[in-house]
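Listing of work-v9.csv, CSV, C-alpha atoms and all ligand atoms
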```csv
chain,number,residue,atom,x,y,z
E,1,MET,CA,197.5,17.6,-99.4
E,2,ILE,CA,197.7,19.9,-102.4
E,3,ASN,CA,199.9,22.9,-102.0
E,4,LYS,CA,197.1,25.4,-102.1
E,5,GLU,CA,195.1,23.5,-99.5
E,6,ARG,CA,198.1,23.2,-97.4
E,7,GLU,CA,198.8,27.0,-97.6
E,8,GLU,CA,195.2,27.7,-96.6
E,9,TYR,CA,195.5,25.3,-93.7
E,10,ASN,CA,198.7,26.8,-92.5
E,11,LYS,CA,197.2,30.3,-92.8
E,12,LYS,CA,194.3,29.3,-90.7
E,13,ASN,CA,196.5,27.7,-88.1
E,14,ARG,CA,198.7,30.8,-87.9
E,15,GLU,CA,195.7,33.0,-87.4
E,16,TYR,CA,194.3,30.8,-84.8
E,17,TYR,CA,197.7,30.8,-83.0
E,18,HIS,CA,197.9,34.6,-83.1
E,19,ARG,CA,194.5,35.0,-81.7
E,20,ASN,CA,195.1,32.5,-78.9
E,21,SER,CA,198.9,32.7,-78.5
E,22,LYS,CA,198.9,33.6,-74.8
E,23,ARG,CA,196.6,30.8,-73.9
E,24,ILE,CA,198.4,28.3,-76.0
E,25,ASN,CA,201.8,29.3,-74.7
E,26,ARG,CA,200.6,29.1,-71.1
E,27,LYS,CA,199.2,25.7,-71.7
E,28,ARG,CA,202.3,24.5,-73.4
E,29,ARG,CA,204.5,25.8,-70.6
E,30,GLU,CA,202.3,24.1,-68.0
E,31,TYR,CA,202.3,20.9,-70.0
E,32,TYR,CA,206.1,21.1,-70.5
E,33,LEU,CA,206.8,21.7,-66.8
E,34,LYS,CA,204.5,18.9,-65.8
E,35,ASN,CA,205.9,16.4,-68.3
E,36,ASN,CA,209.4,17.8,-68.7
E,37,GLU,CA,211.3,14.6,-69.1
E,38,GLU,CA,208.7,12.9,-71.1
E,39,ALA,CA,208.4,15.9,-73.5
E,40,LYS,CA,212.2,16.0,-73.9
E,41,ARG,CA,212.3,12.4,-74.7
E,42,LYS,CA,209.5,12.6,-77.2
E,43,ARG,CA,211.0,15.6,-78.9
E,44,ARG,CA,214.4,13.8,-79.2
E,45,GLU,CA,212.7,10.7,-80.6
E,46,HIS,CA,210.7,12.8,-83.1
E,47,TYR,CA,213.9,14.6,-84.2
E,48,PHE,CA,215.9,11.4,-84.6
E,49,LYS,CA,213.1,9.8,-86.6
E,50,ASN,CA,212.6,12.7,-88.9
E,51,ASN,CA,216.1,14.1,-88.9
E,52,GLU,CA,216.5,14.3,-92.6
E,53,GLU,CA,213.1,15.8,-93.3
E,54,ILE,CA,213.4,18.4,-90.6
E,55,ARG,CA,216.8,19.5,-91.8
E,56,MET,CA,215.7,19.7,-95.3
E,57,ARG,CA,212.6,21.8,-94.4
E,58,LYS,CA,214.8,24.1,-92.3
E,59,ASN,CA,217.2,24.6,-95.1
E,60,GLN,CA,214.4,25.3,-97.6
E,61,TYR,CA,212.9,27.8,-95.2
E,62,TYR,CA,216.2,29.4,-94.7
E,63,TYR,CA,216.9,29.8,-98.4
E,64,LYS,CA,213.5,31.1,-99.1
E,65,ASN,CA,213.9,33.8,-96.5
E,66,LYS,CA,217.7,34.2,-96.7
E,67,LYS,CA,217.7,37.9,-97.6
E,68,ARG,CA,215.3,38.8,-94.8
E,69,PHE,CA,217.3,36.7,-92.2
E,70,ASN,CA,220.6,38.2,-93.3
E,71,GLU,CA,219.3,41.8,-93.2
E,72,TYR,CA,217.8,41.2,-89.8
E,73,SER,CA,220.9,39.7,-88.3
E,74,LYS,CA,223.1,42.3,-89.8
E,75,LYS,CA,221.0,45.0,-88.3
E,76,TRP,CA,220.8,43.3,-85.0
E,77,TYR,CA,224.6,42.8,-84.9
E,78,GLN,CA,225.3,46.4,-85.8
E,79,LYS,CA,222.9,47.6,-83.1
E,80,ASN,CA,224.4,45.4,-80.4
E,81,ARG,CA,228.0,45.2,-81.6
E,82,ASP,CA,229.6,46.8,-78.6
E,83,LYS,CA,227.5,44.7,-76.2
E,84,ILE,CA,228.3,41.5,-78.0
E,85,LEU,CA,232.0,42.1,-78.2
E,86,GLU,CA,232.2,43.1,-74.6
E,87,LYS,CA,230.3,40.0,-73.6
E,88,GLN,CA,232.6,37.8,-75.7
E,89,LYS,CA,235.6,39.4,-74.1
E,90,LYS,CA,234.2,39.0,-70.6
E,91,TYR,CA,233.4,35.4,-71.3
E,92,TYR,CA,236.8,34.7,-72.6
E,93,LEU,CA,238.6,36.3,-69.7
E,94,GLU,CA,236.4,34.5,-67.2
E,95,ASN,CA,236.8,31.1,-68.8
E,96,ARG,CA,240.3,31.5,-70.3
E,97,ASP,CA,241.9,28.5,-68.7
E,98,ARG,CA,239.0,26.3,-69.4
E,99,ILE,CA,238.9,27.4,-73.1
E,100,LEU,CA,242.6,26.9,-73.5
E,101,GLU,CA,242.5,23.5,-71.9
E,102,TYR,CA,239.6,22.5,-74.1
E,103,ASN,CA,241.5,23.7,-77.2
E,104,ARG,CA,244.6,21.8,-76.2
E,105,LYS,CA,242.6,18.6,-75.5
E,106,ASN,CA,240.6,18.8,-78.8
E,107,LYS,CA,243.4,20.2,-81.0
E,108,GLU,CA,242.9,17.5,-83.7
E,109,ILE,CA,239.2,17.7,-83.9
E,110,ILE,CA,239.3,21.5,-84.0
E,111,SER,CA,241.8,21.7,-86.8
E,112,LYS,CA,239.8,19.0,-88.7
E,113,LYS,CA,236.7,21.1,-88.3
E,114,ILE,CA,238.5,24.2,-89.4
E,115,SER,CA,239.9,22.5,-92.5
E,116,LEU,CA,236.5,21.1,-93.3
E,117,ASN,CA,235.0,24.5,-93.0
E,118,ASN,CA,237.7,26.0,-95.2
E,119,LEU,CA,237.0,23.3,-97.8
E,120,ARG,CA,233.3,24.1,-97.7
E,121,ILE,CA,234.0,27.8,-98.3
E,122,LYS,CA,236.5,27.0,-101.1
E,123,LYS,CA,233.9,24.8,-102.8
E,124,LEU,CA,231.3,27.5,-102.5
E,125,VAL,CA,233.5,30.2,-104.1
E,126,LEU,CA,235.1,28.0,-106.8
E,127,GLY,CA,231.7,26.7,-107.7
E,128,HIS,CA,230.3,30.2,-108.0
E,129,TYR,CA,233.1,31.4,-110.3
E,130,SER,CA,232.7,28.4,-112.6
E,131,ASN,CA,229.0,28.7,-113.1
E,132,GLY,CA,228.3,26.1,-110.5
E,133,LYS,CA,230.5,23.5,-112.1
E,134,LEU,CA,233.5,23.4,-109.8
E,135,LYS,CA,235.8,23.1,-112.7
E,136,CYS,CA,238.5,25.1,-114.4
E,137,VAL,CA,236.6,27.4,-116.8
E,138,ARG,CA,239.3,27.1,-119.5
E,139,CYS,CA,240.1,23.3,-119.6
E,140,GLY,CA,237.5,21.7,-117.3
E,141,PHE,CA,240.0,20.2,-114.9
E,142,SER,CA,238.1,19.3,-111.7
E,143,ASP,CA,240.4,18.2,-108.9
E,144,ILE,CA,239.7,20.9,-106.3
E,145,ARG,CA,243.2,20.6,-104.9
E,146,ALA,CA,244.6,22.3,-107.9
E,147,LEU,CA,241.9,24.8,-108.5
E,148,SER,CA,242.0,28.4,-107.4
E,149,ILE,CA,240.6,31.9,-108.0
E,150,ASP,CA,242.1,34.0,-110.7
E,151,HIS,CA,241.8,37.7,-111.2
E,152,ILE,CA,240.6,38.1,-114.7
E,153,ASN,CA,242.5,41.4,-115.2
E,154,GLY,CA,245.6,40.4,-113.1
E,155,GLY,CA,246.7,42.1,-109.9
E,156,GLY,CA,246.1,39.1,-107.7
E,157,THR,CA,249.2,39.3,-105.7
E,158,LEU,CA,248.6,42.9,-104.8
E,159,HIS,CA,245.1,42.2,-103.8
E,160,ARG,CA,246.1,39.3,-101.7
E,161,LYS,CA,248.5,41.6,-99.8
E,162,GLN,CA,245.7,44.1,-99.3
E,163,ILE,CA,243.4,41.6,-97.7
E,164,ARG,CA,246.3,40.2,-95.7
E,165,GLY,CA,246.2,36.6,-96.8
E,166,ARG,CA,245.7,34.0,-99.5
E,167,GLY,CA,243.6,30.9,-99.7
E,168,SER,CA,240.8,30.9,-97.2
E,169,MET,CA,241.0,34.6,-96.4
E,170,MET,CA,240.6,35.4,-100.1
E,171,TYR,CA,237.5,33.1,-100.3
E,172,ARG,CA,236.0,34.7,-97.2
E,173,TRP,CA,236.6,38.1,-98.6
E,174,LEU,CA,234.8,37.2,-101.9
E,175,ILE,CA,231.8,35.8,-99.9
E,176,LYS,CA,231.7,38.9,-97.6
E,177,ASN,CA,231.7,41.2,-100.7
E,178,ASN,CA,228.8,39.3,-102.3
E,179,PHE,CA,230.9,37.6,-105.0
E,180,PRO,CA,232.2,40.6,-107.0
E,181,LYS,CA,232.7,40.3,-110.7
E,182,GLY,CA,236.2,40.0,-112.3
E,183,TYR,CA,237.2,36.6,-111.0
E,184,MET,CA,237.1,33.1,-112.4
E,185,THR,CA,238.0,29.5,-111.3
E,186,LEU,CA,241.2,28.3,-113.0
E,187,CYS,CA,243.4,25.2,-112.5
E,188,MET,CA,247.1,25.8,-111.7
E,189,ASN,CA,248.2,25.0,-115.3
E,190,CYS,CA,245.8,27.4,-116.9
E,191,ASN,CA,246.7,30.0,-114.2
E,192,ILE,CA,250.4,29.8,-114.9
E,193,ILE,CA,249.9,29.8,-118.7
E,194,LYS,CA,247.7,32.8,-118.4
E,195,ARG,CA,250.2,34.6,-116.3
E,196,PHE,CA,253.0,33.9,-118.9
E,197,THR,CA,250.9,35.0,-121.9
E,198,ASN,CA,249.8,38.2,-120.1
E,199,HIS,CA,253.3,38.9,-118.8
E,200,GLU,CA,252.0,38.7,-115.3
E,201,ASN,CA,254.9,36.3,-114.8
E,202,ILE,CA,257.4,38.9,-113.8
E,203,LYS,CA,255.3,40.0,-110.9
E,204,PHE,CA,254.5,36.4,-110.1
E,205,ILE,CA,258.2,35.4,-109.8
E,206,ASN,CA,259.1,38.4,-107.8
E,207,ASP,CA,256.3,38.4,-105.3
E,208,ASP,CA,255.8,34.7,-104.6
D,301,ZN,ZN,242.6,24.6,-116.5
```

Could you render the structure as structure tokens?
Amino acid sequence: MINKEREEYNKKNREYYHRNSKRINRKRREYYLKNNEEAKRKRREHYFKNNEEIRMRKNQYYYKNKKRFNEYSKKWYQKNRDKILEKQKKYYLENRDRILEYNRKNKEIISKKISLNNLRIKKLVLGHYSNGKLKCVRCGFSDIRALSIDHINGGGTLHRKQIRGRGSMMYRWLIKNNFPKGYMTLCMNCNIIKRFTNHENIKFINDD
């Protein structure tokens, strides 16, 4: 179908749904309860068959409506913050032993997940501060292991102390603050050369 036709078709569908939502949902529920296992199996099958496409569509939808989603969830969180925190705390206390046991048993998987997530975050931030290239902006070096974020005007050590951490905390801070200006992706070589030429080296030696 051509895009326009598809839009029209979707619009009609939506309108139809809104007009008849109660009836449709009741029917769906009835059908689901009657054919519970069958429906589950079908859905699973459908998902596995079209896994890639479904995920891609979900991603696209998310990015298209990202701002709206984020605003909504932020508002929701602020409104329900106390309730959420209390619930989390209660859940933790009630299931403390089970959680600790689970963490002990899955130590390796968990730390692998954490480091994968940190890598993802690092890539996102370093990519942003190198115009999407994931390279040192001075020399083009691209091994992510030796890339890091540089404060264009210096003062990195102090800032790292303020946000109580380096590495992943720094990357998280940058994301949280909507990628502020004044940073760039540099490799270790260029980083150190810059520090020496800007006389940031004195601070560098003392603080690290
Ligand atoms: Zn470099």

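Distance-wise, atom CA of Leu124 of chain E and atom CA of Met169 of chain E end up 13.5 Å apart.
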
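Residues of protein or nucleic acid lying within 7 Å of ligand ZN 301 (chain D), counting all atoms listed in the file, are Cys136, Val137, Arg138, Cys139, Gly140, Phe141, Leu186, Cys187, Met188, Asn189 and Cys190 of chain E.
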
Enter the distance from atom CA of Glu38 of chain E to atom CA of Asn10 of chain E, in Å, rounded to one decimal.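 Spanning atom CA of Glu38 of chain E to atom CA of Asn10 of chain E is a straight-line distance of 27.4 Å.
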
Within 12 Å of Tyr171 of chain E, counting all atoms listed in the file, which residues qualify if same-chain residues fewer than 2 places away don't, as an MDAnalysis selection string? chainID E and resid 117:129 148:150 160 163 165:169 173:180 183 185

Save the residues we just selected, C-alpha atoms, as a tab-separated table (two decimals), keeping the file's coordinate frame?
```tsv
chain	number	residue	atom	x	y	z
E	117	ASN	CA	235.00	24.50	-93.00
E	118	ASN	CA	237.70	26.00	-95.20
E	119	LEU	CA	237.00	23.30	-97.80
E	120	ARG	CA	233.30	24.10	-97.70
E	121	ILE	CA	234.00	27.80	-98.30
E	122	LYS	CA	236.50	27.00	-101.10
E	123	LYS	CA	233.90	24.80	-102.80
E	124	LEU	CA	231.30	27.50	-102.50
E	125	VAL	CA	233.50	30.20	-104.10
E	126	LEU	CA	235.10	28.00	-106.80
E	127	GLY	CA	231.70	26.70	-107.70
E	128	HIS	CA	230.30	30.20	-108.00
E	129	TYR	CA	233.10	31.40	-110.30
E	148	SER	CA	242.00	28.40	-107.40
E	149	ILE	CA	240.60	31.90	-108.00
E	150	ASP	CA	242.10	34.00	-110.70
E	160	ARG	CA	246.10	39.30	-101.70
E	163	ILE	CA	243.40	41.60	-97.70
E	165	GLY	CA	246.20	36.60	-96.80
E	166	ARG	CA	245.70	34.00	-99.50
E	167	GLY	CA	243.60	30.90	-99.70
E	168	SER	CA	240.80	30.90	-97.20
E	169	MET	CA	241.00	34.60	-96.40
E	173	TRP	CA	236.60	38.10	-98.60
E	174	LEU	CA	234.80	37.20	-101.90
E	175	ILE	CA	231.80	35.80	-99.90
E	176	LYS	CA	231.70	38.90	-97.60
E	177	ASN	CA	231.70	41.20	-100.70
E	178	ASN	CA	228.80	39.30	-102.30
E	179	PHE	CA	230.90	37.60	-105.00
E	180	PRO	CA	232.20	40.60	-107.00
E	183	TYR	CA	237.20	36.60	-111.00
E	185	THR	CA	238.00	29.50	-111.30
```

Pairwise distance for atom CA of Arg104 of chain E and atom CA of Tyr92 of chain E, rounded to one decimal in Å: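 Between atom CA of Arg104 of chain E and atom CA of Tyr92 of chain E the gap is 15.5 Å.
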
Selected segment 176-197 of chain E, written as a short mmCIF file (atom, residue, chain, number, x, y, z; two decimals), in the first residue's frame, N, CA and C atoms:
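This went into selection-v8.cif:
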```cif
data_model
loop_
_atom_site.label_atom_id
_atom_site.label_comp_id
_atom_site.auth_asym_id
_atom_site.auth_seq_id
_atom_site.Cartn_x
_atom_site.Cartn_y
_atom_site.Cartn_z
N LYS E 176 21.90 12.52 31.05
CA LYS E 176 20.86 13.08 31.91
C LYS E 176 20.70 14.57 31.66
N ASN E 177 21.82 15.23 31.39
CA ASN E 177 21.77 16.68 31.19
C ASN E 177 21.65 17.06 29.71
N ASN E 178 21.15 16.12 28.92
CA ASN E 178 20.83 16.41 27.53
C ASN E 178 22.02 16.81 26.68
N PHE E 179 23.16 16.15 26.89
CA PHE E 179 24.37 16.39 26.11
C PHE E 179 24.77 17.87 26.06
N PRO E 180 25.18 18.45 27.18
CA PRO E 180 25.57 19.86 27.18
C PRO E 180 26.78 20.10 26.28
N LYS E 181 26.92 21.37 25.86
CA LYS E 181 28.05 21.72 25.00
C LYS E 181 29.32 21.82 25.84
N GLY E 182 30.48 21.82 25.16
CA GLY E 182 31.74 22.01 25.87
C GLY E 182 32.53 20.74 26.07
N TYR E 183 32.13 19.67 25.40
CA TYR E 183 32.84 18.41 25.52
C TYR E 183 33.17 17.87 24.14
N MET E 184 34.20 17.03 24.09
CA MET E 184 34.50 16.37 22.81
C MET E 184 35.13 15.00 23.08
N THR E 185 35.07 14.17 22.05
CA THR E 185 35.67 12.84 22.16
C THR E 185 37.13 12.90 21.74
N LEU E 186 38.01 12.47 22.68
CA LEU E 186 39.44 12.45 22.36
C LEU E 186 40.02 11.08 22.69
N CYS E 187 41.08 10.71 21.99
CA CYS E 187 41.81 9.51 22.38
C CYS E 187 42.78 9.88 23.50
N MET E 188 43.33 8.89 24.17
CA MET E 188 44.22 9.15 25.31
C MET E 188 45.42 9.99 24.89
N ASN E 189 45.98 9.69 23.72
CA ASN E 189 47.15 10.44 23.26
C ASN E 189 46.83 11.92 23.13
N CYS E 190 45.77 12.20 22.38
CA CYS E 190 45.42 13.60 22.15
C CYS E 190 45.03 14.27 23.45
N ASN E 191 44.38 13.50 24.33
CA ASN E 191 43.99 14.02 25.63
C ASN E 191 45.20 14.50 26.41
N ILE E 192 46.22 13.65 26.48
CA ILE E 192 47.40 14.00 27.27
C ILE E 192 48.18 15.14 26.61
N ILE E 193 48.27 15.07 25.27
CA ILE E 193 48.98 16.15 24.56
C ILE E 193 48.28 17.48 24.82
N LYS E 194 46.95 17.46 24.80
CA LYS E 194 46.18 18.70 25.03
C LYS E 194 46.44 19.22 26.45
N ARG E 195 46.46 18.30 27.40
CA ARG E 195 46.70 18.72 28.78
C ARG E 195 48.06 19.38 28.94
N PHE E 196 49.07 18.81 28.26
CA PHE E 196 50.41 19.39 28.38
C PHE E 196 50.48 20.75 27.71
N THR E 197 49.91 20.86 26.53
CA THR E 197 50.01 22.14 25.83
C THR E 197 49.17 23.21 26.52
#
```
